[in-house]
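Before any comments, here is the structure.
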Amino acid sequence: MRIRPVGAHALLLDCTTPTDIPEAALVEAWRSELWRRRERGDLIAVEIVPAARTVLLDGLPDPTATARQLTRWASAVAAAATGPEHTRAAGHNADADADASASAAVNADADAADVVVPVSFDGPDLPAVADHWGVDVSAVRQRITSTRFRVAFCGFAPGFPYLTGLPAELALPRLATPRPRVPAGSVALAGPYAGIYPGASPGGWQLVGRTDLVLFDVAADPPARLNPGTTVRMVAA
């Protein structure tokens, strides 16, 4: 993990190292731990924003002091990212409380209730996805509905969740030519991610289905239905 200053009051955690831990797992472990520490008052940050390989902490009153905190927590978070057994093995760490809290944060997230998303699997790219995976259409539906997804981060459009959970070997290319309009609620795949379009927009992901679940509502608190760390199950509608 590398800590980079961003302006006067922000830090960026680069989770591309250590290389033996998947980036998505390390980002999620940091997100979980940082949100939990902010909630209990150990960390002051206006924004904690995960992305594919980084976590941004913005609105820090003292970035230098926060960087020292992050360095102290790093080994425990890395252990939590690789599994509970690694966290227990790290118990000899000088900051044993950090080890235990990082493990507790990961376990608490794992125990959270899944958001169930009803999906009609009738997307126009479903046959192409089946061909790419070397299976039939029913096997694509089965794979998606048997996967427990997690929101890694949000981006592209307000409330658009990037969902991890599919094996790396099932990564898919984006369309060579993006569609000028993708309907709201479209369930899609691209790269290693699944996603759901919260509103109508252009898009180049492979469309496999659609849902009527409202994902973004400016009048709701929070406005986004699927936030980082949320676990998701898709079921056939």
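Starting from 1 in every chain, residues are counted up; chains themselves are A, B, ... following the order of the structure tokens, and ligands are numbered from 1 as listed.
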Residues of region 127-202 of chain A that approach region 221-237 of chain A to 7 Å or less, counting only C-alpha atoms: could you list each one with the shortest pair of atoms and its distance in Å to one decimal, rows by chain and increasing residue number, as a Markdown table?
| residue | atom | partner | partner_atom | distance |
| --- | --- | --- | --- | --- |
| A:Ile144 | CA | A:Met234 | CA | 6.9 |
| A:Thr145 | CA | A:Met234 | CA | 5.1 |
| A:Thr147 | CA | A:Arg233 | CA | 6.9 |
| A:Arg148 | CA | A:Arg233 | CA | 5.4 |
| A:Phe149 | CA | A:Val232 | CA | 4.9 |
| A:Arg150 | CA | A:Thr231 | CA | 4.3 |
| A:Val151 | CA | A:Pro228 | CA | 4.8 |
| A:Ala152 | CA | A:Pro228 | CA | 5.3 |
| A:Phe153 | CA | A:Pro228 | CA | 5.0 |
| A:Cys154 | CA | A:Pro228 | CA | 6.8 |
| A:Gly159 | CA | A:Ala224 | CA | 4.8 |
| A:Pro161 | CA | A:Leu226 | CA | 6.4 |
Can I get the selection written as a short mmCIF file (atom, residue, chain, number, x, y, z; two decimals), in the first residue's frame, with all heavy atoms?
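Output contents, as saved in result_30.cif:
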data_model
loop_
_atom_site.label_atom_id
_atom_site.label_comp_id
_atom_site.auth_asym_id
_atom_site.auth_seq_id
_atom_site.Cartn_x
_atom_site.Cartn_y
_atom_site.Cartn_z
N ILE A 144 -25.15 -16.24 -12.69
CA ILE A 144 -25.42 -14.93 -12.11
C ILE A 144 -26.26 -15.05 -10.84
O ILE A 144 -25.97 -14.42 -9.83
CB ILE A 144 -26.10 -14.02 -13.15
CG1 ILE A 144 -25.12 -13.70 -14.29
CG2 ILE A 144 -26.59 -12.73 -12.50
CD1 ILE A 144 -25.75 -12.98 -15.45
N THR A 145 -27.28 -15.88 -10.87
CA THR A 145 -28.17 -15.99 -9.71
C THR A 145 -27.53 -16.77 -8.56
O THR A 145 -27.99 -16.67 -7.42
CB THR A 145 -29.51 -16.64 -10.09
OG1 THR A 145 -29.27 -17.92 -10.70
CG2 THR A 145 -30.28 -15.76 -11.06
N THR A 147 -24.36 -16.31 -7.70
CA THR A 147 -23.23 -15.50 -7.24
C THR A 147 -23.67 -14.48 -6.20
O THR A 147 -24.69 -13.81 -6.37
CB THR A 147 -22.58 -14.75 -8.43
OG1 THR A 147 -22.08 -15.71 -9.37
CG2 THR A 147 -21.45 -13.85 -7.97
N ARG A 148 -22.91 -14.39 -5.12
CA ARG A 148 -23.13 -13.32 -4.15
C ARG A 148 -22.22 -12.17 -4.54
O ARG A 148 -20.99 -12.24 -4.38
CB ARG A 148 -22.82 -13.79 -2.73
CG ARG A 148 -23.28 -12.78 -1.67
CD ARG A 148 -22.82 -13.18 -0.28
NE ARG A 148 -23.54 -12.44 0.75
CZ ARG A 148 -23.04 -12.18 1.96
NH1 ARG A 148 -21.82 -12.60 2.28
NH2 ARG A 148 -23.75 -11.52 2.85
N PHE A 149 -22.80 -11.13 -5.06
CA PHE A 149 -22.04 -9.97 -5.51
C PHE A 149 -21.81 -9.01 -4.35
O PHE A 149 -22.54 -9.00 -3.36
CB PHE A 149 -22.80 -9.24 -6.63
CG PHE A 149 -22.92 -10.01 -7.91
CD1 PHE A 149 -24.07 -10.74 -8.19
CD2 PHE A 149 -21.89 -10.00 -8.84
CE1 PHE A 149 -24.20 -11.44 -9.37
CE2 PHE A 149 -22.01 -10.71 -10.03
CZ PHE A 149 -23.16 -11.43 -10.30
N ARG A 150 -20.81 -8.17 -4.52
CA ARG A 150 -20.55 -7.09 -3.57
C ARG A 150 -20.29 -5.80 -4.35
O ARG A 150 -19.60 -5.82 -5.36
CB ARG A 150 -19.35 -7.39 -2.67
CG ARG A 150 -19.08 -6.30 -1.62
CD ARG A 150 -17.84 -6.59 -0.78
NE ARG A 150 -18.01 -7.79 0.02
CZ ARG A 150 -18.61 -7.82 1.21
NH1 ARG A 150 -19.11 -6.72 1.73
NH2 ARG A 150 -18.72 -8.95 1.86
N VAL A 151 -20.86 -4.70 -3.88
CA VAL A 151 -20.60 -3.41 -4.51
C VAL A 151 -19.18 -2.98 -4.14
O VAL A 151 -18.89 -2.69 -2.98
CB VAL A 151 -21.61 -2.35 -4.06
CG1 VAL A 151 -21.32 -1.01 -4.77
CG2 VAL A 151 -23.04 -2.80 -4.33
N ALA A 152 -18.31 -2.97 -5.14
CA ALA A 152 -16.92 -2.55 -4.89
C ALA A 152 -16.82 -1.03 -4.81
O ALA A 152 -16.12 -0.49 -3.96
CB ALA A 152 -16.02 -3.09 -6.00
N PHE A 153 -17.51 -0.36 -5.72
CA PHE A 153 -17.52 1.09 -5.74
C PHE A 153 -18.64 1.55 -6.66
O PHE A 153 -19.26 0.73 -7.36
CB PHE A 153 -16.17 1.67 -6.20
CG PHE A 153 -15.72 1.18 -7.55
CD1 PHE A 153 -15.95 1.92 -8.71
CD2 PHE A 153 -15.02 -0.03 -7.68
CE1 PHE A 153 -15.53 1.48 -9.95
CE2 PHE A 153 -14.60 -0.48 -8.92
CZ PHE A 153 -14.86 0.27 -10.06
N CYS A 154 -18.91 2.83 -6.65
CA CYS A 154 -19.92 3.40 -7.55
C CYS A 154 -19.25 4.41 -8.46
O CYS A 154 -18.28 5.08 -8.07
CB CYS A 154 -21.03 4.07 -6.75
SG CYS A 154 -22.01 2.93 -5.74
N GLY A 159 -25.25 6.42 -8.51
CA GLY A 159 -25.91 5.18 -8.12
C GLY A 159 -25.55 3.98 -8.96
O GLY A 159 -26.13 2.90 -8.74
N PRO A 161 -23.64 0.83 -9.55
CA PRO A 161 -22.76 -0.01 -8.74
C PRO A 161 -21.87 -0.91 -9.60
O PRO A 161 -22.34 -1.55 -10.55
CB PRO A 161 -23.76 -0.87 -7.94
CG PRO A 161 -24.91 -1.05 -8.90
CD PRO A 161 -24.97 0.21 -9.75
#
For this session: Identify which of the residues A:His132, A:Arg210, A:Arg36, A:Arg68 lies closest to Leu11 (chain A), counting only C-alpha atoms when measuring atom-to-atom distances.
Result: A:Arg68
For this session: Write out as a ChimeraX atom specification which residues come within 9 Å of Pro22 (chain A) when counting only C-alpha atoms, dropping same-chain ones fewer than 5 positions away.
Result: /A:15-17,27,81-82
Exercise. What are the DSSP alpha helix (DSSP H) residues of region 128-223 of chain A, as a PyMOL selection string?
Worked result: chain A and resi 128-133+137-145
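Using only C-alpha atoms, the smallest distance between any of A:Leu170, A:Val117, A:Ala79, A:Val182 and Gly134 (chain A) comes from A:Leu170.
The space separating CA of Ala45 (chain A) from CA of Asp62 (chain A) comes to 9.7 Å.
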Counting only C-alpha atoms, what are the residues of region 150-230 of chain A within 12 Å of region 136-141 of chain A, and for each of them which pair of atoms is the nearest and at what distance in Å, to one decimal? Sort the table by chain and rising number, as JSON lines.
{"residue": "A:Leu166", "atom": "CA", "partner": "A:Val140", "partner_atom": "CA", "distance": 11.3}
{"residue": "A:Leu170", "atom": "CA", "partner": "A:Val140", "partner_atom": "CA", "distance": 10.4}
{"residue": "A:Val187", "atom": "CA", "partner": "A:Arg141", "partner_atom": "CA", "distance": 11.7}
{"residue": "A:Leu189", "atom": "CA", "partner": "A:Val140", "partner_atom": "CA", "distance": 11.2}
{"residue": "A:Val208", "atom": "CA", "partner": "A:Arg141", "partner_atom": "CA", "distance": 8.7}
{"residue": "A:Gly209", "atom": "CA", "partner": "A:Arg141", "partner_atom": "CA", "distance": 9.5}
For the residues in the current selection, export N, CA and C atoms as a compact mmCIF listing (two decimals), in the first residue's frame.
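Printed below is part_20.txt as written:
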# COMPACT_ATOMS: atom_id res chain seq x y z
N LEU A 166 -17.90 -12.38 -9.76
CA LEU A 166 -17.71 -13.35 -10.84
C LEU A 166 -16.22 -13.71 -10.96
N LEU A 170 -14.22 -15.15 -16.33
CA LEU A 170 -15.48 -14.83 -17.00
C LEU A 170 -15.57 -13.35 -17.40
N VAL A 187 -29.40 -4.71 -16.43
CA VAL A 187 -28.36 -5.48 -15.74
C VAL A 187 -27.32 -5.85 -16.79
N LEU A 189 -22.90 -6.68 -17.89
CA LEU A 189 -21.59 -7.23 -17.55
C LEU A 189 -20.54 -6.57 -18.43
N VAL A 208 -27.70 -8.23 -20.06
CA VAL A 208 -28.20 -9.59 -19.86
C VAL A 208 -29.60 -9.63 -19.26
N GLY A 209 -30.10 -8.50 -18.75
CA GLY A 209 -31.42 -8.51 -18.13
C GLY A 209 -31.83 -7.12 -17.70
Select from chain A everything DSSP, run on the backbone, classes as strand (DSSP E or B), then give the selection as an mmCIF file with C-alpha atoms, in the first residue's frame.
data_model
loop_
_atom_site.group_PDB
_atom_site.id
_atom_site.type_symbol
_atom_site.label_atom_id
_atom_site.label_comp_id
_atom_site.auth_asym_id
_atom_site.auth_seq_id
_atom_site.Cartn_x
_atom_site.Cartn_y
_atom_site.Cartn_z
ATOM 1 C CA ARG A 2 1.218 3.451 -0.906
ATOM 2 C CA ILE A 3 -0.142 6.689 0.552
ATOM 3 C CA ARG A 4 -0.166 9.685 -1.756
ATOM 4 C CA PRO A 5 -1.079 13.280 -0.835
ATOM 5 C CA ALA A 10 -6.753 14.493 1.145
ATOM 6 C CA LEU A 11 -4.860 11.228 0.840
ATOM 7 C CA LEU A 12 -5.056 8.485 -1.784
ATOM 8 C CA LEU A 13 -4.396 4.872 -0.791
ATOM 9 C CA ASP A 14 -2.909 2.937 -3.694
ATOM 10 C CA GLU A 47 -15.347 11.511 2.313
ATOM 11 C CA ILE A 48 -14.044 7.937 2.020
ATOM 12 C CA VAL A 49 -14.370 6.902 -1.615
ATOM 13 C CA PRO A 50 -13.321 3.450 -2.880
ATOM 14 C CA THR A 54 -7.598 3.072 -4.677
ATOM 15 C CA VAL A 55 -9.381 4.612 -1.699
ATOM 16 C CA LEU A 56 -9.611 8.401 -1.413
ATOM 17 C CA LEU A 57 -9.862 10.082 1.983
ATOM 18 C CA ASP A 58 -10.904 13.722 1.639
ATOM 19 C CA VAL A 115 -30.064 -6.813 -1.176
ATOM 20 C CA VAL A 116 -32.187 -8.999 -3.450
ATOM 21 C CA VAL A 117 -32.539 -7.730 -7.014
ATOM 22 C CA PRO A 118 -35.286 -9.371 -9.127
ATOM 23 C CA VAL A 119 -34.044 -9.671 -12.714
ATOM 24 C CA SER A 120 -35.786 -10.566 -15.956
ATOM 25 C CA ARG A 148 -23.126 -13.319 -4.148
ATOM 26 C CA PHE A 149 -22.041 -9.967 -5.513
ATOM 27 C CA ARG A 150 -20.551 -7.087 -3.567
ATOM 28 C CA VAL A 151 -20.601 -3.414 -4.507
ATOM 29 C CA ALA A 152 -16.920 -2.553 -4.894
ATOM 30 C CA PHE A 153 -17.521 1.094 -5.736
ATOM 31 C CA CYS A 154 -19.919 3.401 -7.548
ATOM 32 C CA PRO A 161 -22.764 -0.014 -8.741
ATOM 33 C CA TYR A 162 -19.681 -1.923 -9.875
ATOM 34 C CA LEU A 163 -20.329 -5.438 -8.564
ATOM 35 C CA THR A 164 -17.580 -7.985 -7.960
ATOM 36 C CA LEU A 172 -16.161 -9.830 -20.772
ATOM 37 C CA ARG A 179 -25.365 1.962 -27.387
ATOM 38 C CA PRO A 180 -26.606 5.579 -27.467
ATOM 39 C CA ARG A 181 -29.274 4.704 -24.880
ATOM 40 C CA VAL A 182 -29.434 1.918 -22.326
ATOM 41 C CA SER A 186 -30.547 -2.757 -17.278
ATOM 42 C CA VAL A 187 -28.363 -5.475 -15.743
ATOM 43 C CA ALA A 188 -25.051 -5.643 -17.533
ATOM 44 C CA LEU A 189 -21.595 -7.234 -17.551
ATOM 45 C CA ALA A 190 -18.230 -5.802 -18.619
ATOM 46 C CA GLY A 191 -14.673 -6.634 -17.655
ATOM 47 C CA TYR A 193 -17.827 -6.491 -13.118
ATOM 48 C CA ALA A 194 -21.586 -6.728 -13.160
ATOM 49 C CA GLY A 195 -23.524 -3.488 -13.026
ATOM 50 C CA ILE A 196 -27.044 -2.078 -13.053
ATOM 51 C CA SER A 201 -27.822 6.613 -20.439
ATOM 52 C CA PRO A 202 -25.366 5.666 -23.161
ATOM 53 C CA GLY A 203 -23.459 2.492 -22.342
ATOM 54 C CA GLN A 206 -23.213 -6.385 -22.307
ATOM 55 C CA LEU A 207 -26.917 -6.349 -21.378
ATOM 56 C CA VAL A 208 -28.202 -9.593 -19.859
ATOM 57 C CA GLY A 209 -31.425 -8.505 -18.133
ATOM 58 C CA ARG A 210 -33.412 -5.784 -16.427
ATOM 59 C CA PHE A 216 -31.168 6.086 -7.278
ATOM 60 C CA ALA A 224 -28.153 5.340 -3.888
ATOM 61 C CA THR A 231 -23.883 -7.519 -0.865
ATOM 62 C CA VAL A 232 -26.307 -8.327 -3.668
ATOM 63 C CA ARG A 233 -28.161 -11.401 -4.836
ATOM 64 C CA MET A 234 -29.869 -11.433 -8.213
ATOM 65 C CA VAL A 235 -32.916 -13.657 -8.538
ATOM 66 C CA ALA A 236 -34.970 -14.532 -11.581
#
Exercise. Which distance in Å separates CA of Val6 (chain A) and CA of Pro63 (chain A), to one decimal?
Worked result: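 One can read the CA of Val6 (chain A) to CA of Pro63 (chain A) distance as 9.5 Å.
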